[in-house]
Amino acid sequence: MNDVPAGPKESVWEYPRPPAMVDDGRRVTVTVGSEVVADTRAGLRILETSHPPVFYLPREDVRMELLRPGAGRSHCEWKGAASYWDVVVGGDVVPRAAWSYERPLGPYEALRGHLAFYPSLVRCAVDGEVVTAQEGDFYGGWITHEIEGPFKGGPGTWGW
């Protein structure tokens, strides 16, 4: 059970479009089983209208020896072409558990050298609070106690 403080909520409907990018110094961890994949206090949060935030973690705080290039590519109109990463822990492979922008577009240049993880595939936590995954997985948003929706991404929400 998460012990999280009550506090003001951030409505995803007040986030901008195009998305904002903000520094976030809270401790962010990513684990697979008992293996720590990433641990940082130097994350970047992307805030976009109707979506829970996505945390991007600097590679120097990610155990890159546990990642290998994954299949497929996608494109974001704001950030550019995304590459995917598999997480490999022991004999277990979590396909496409993370993504990165190797050549991010203009205002998102700071994302170069960072990775984001899908909280539906790996355990993600912010200051000890385990993240709830955004429904639908397309956007990979991280829902914590301070975030409120409704959120785009689940069935029937594509036309919002």
# chains A, B, ... in the order shown; residues from 1 in each chain; ligands from 1
>>> residues_around(residues="segment 121-126 of chain A", least_positions_apart="5", cutoff="8 Å", atoms="only C-alpha atoms", output="VMD selection string")
chain A and resid 26 to 32 94 97 131 144
>>> residues_around(residues="segment 51-58 of chain A", least_positions_apart="4", cutoff="10 Å", atoms="only C-alpha atoms", output="MDAnalysis selection string")
chainID A and resid 10:13 15 19:24 28:30 38:47 62 98:100 110:119 124 126 132:134 139:144 147:153
>>> closest_residue(among="A:Pro18, A:Tyr101, A:His75, A:Gly25", to="Arg59 of chain A", atoms="only C-alpha atoms")
A:Tyr101
>>> atom_distance(atom1="atom CA of Val36 of chain A", atom2="atom CA of Pro104 of chain A")
26.6 Å
>>> select_by_dssp(residues="segment 69-110 of chain A", states="helix (DSSP H, G or I)", output="ChimeraX atom specification")
/A:106-110
>>> select_by_dssp(residues="chain A", states="strand (DSSP E or B)", output="ChimeraX atom specification")
/A:10-11,20-24,28-32,35-40,43-47,54-58,62,67-76,80-89,92-100,114-117,123-126,129-130,132-133,142-143,147-148,152,154
>>> closest_residue(among="A:Arg96, A:Pro16, A:Glu60, A:Val87", to="Gly72 of chain A", atoms="only C-alpha atoms")
A:Arg96
>>> residues_around(residues="Val88 of chain A", least_positions_apart="2", cutoff="10 Å", atoms="only C-alpha atoms", output="list in words")
Val32, Val37, Met64, Glu65, Leu66, Leu67, Arg68, Trp85, Asp86, Gly90, Gly91, Asp92, Val93, Val94, Pro95 and Ala97 of chain A
>>> atom_distance(atom1="atom CA of Asp61 of chain A", atom2="atom CA of Ser120 of chain A")
20.6 Å
>>> atom_distance(atom1="atom CA of Ala82 of chain A", atom2="atom CA of Tyr108 of chain A")
12.5 Å
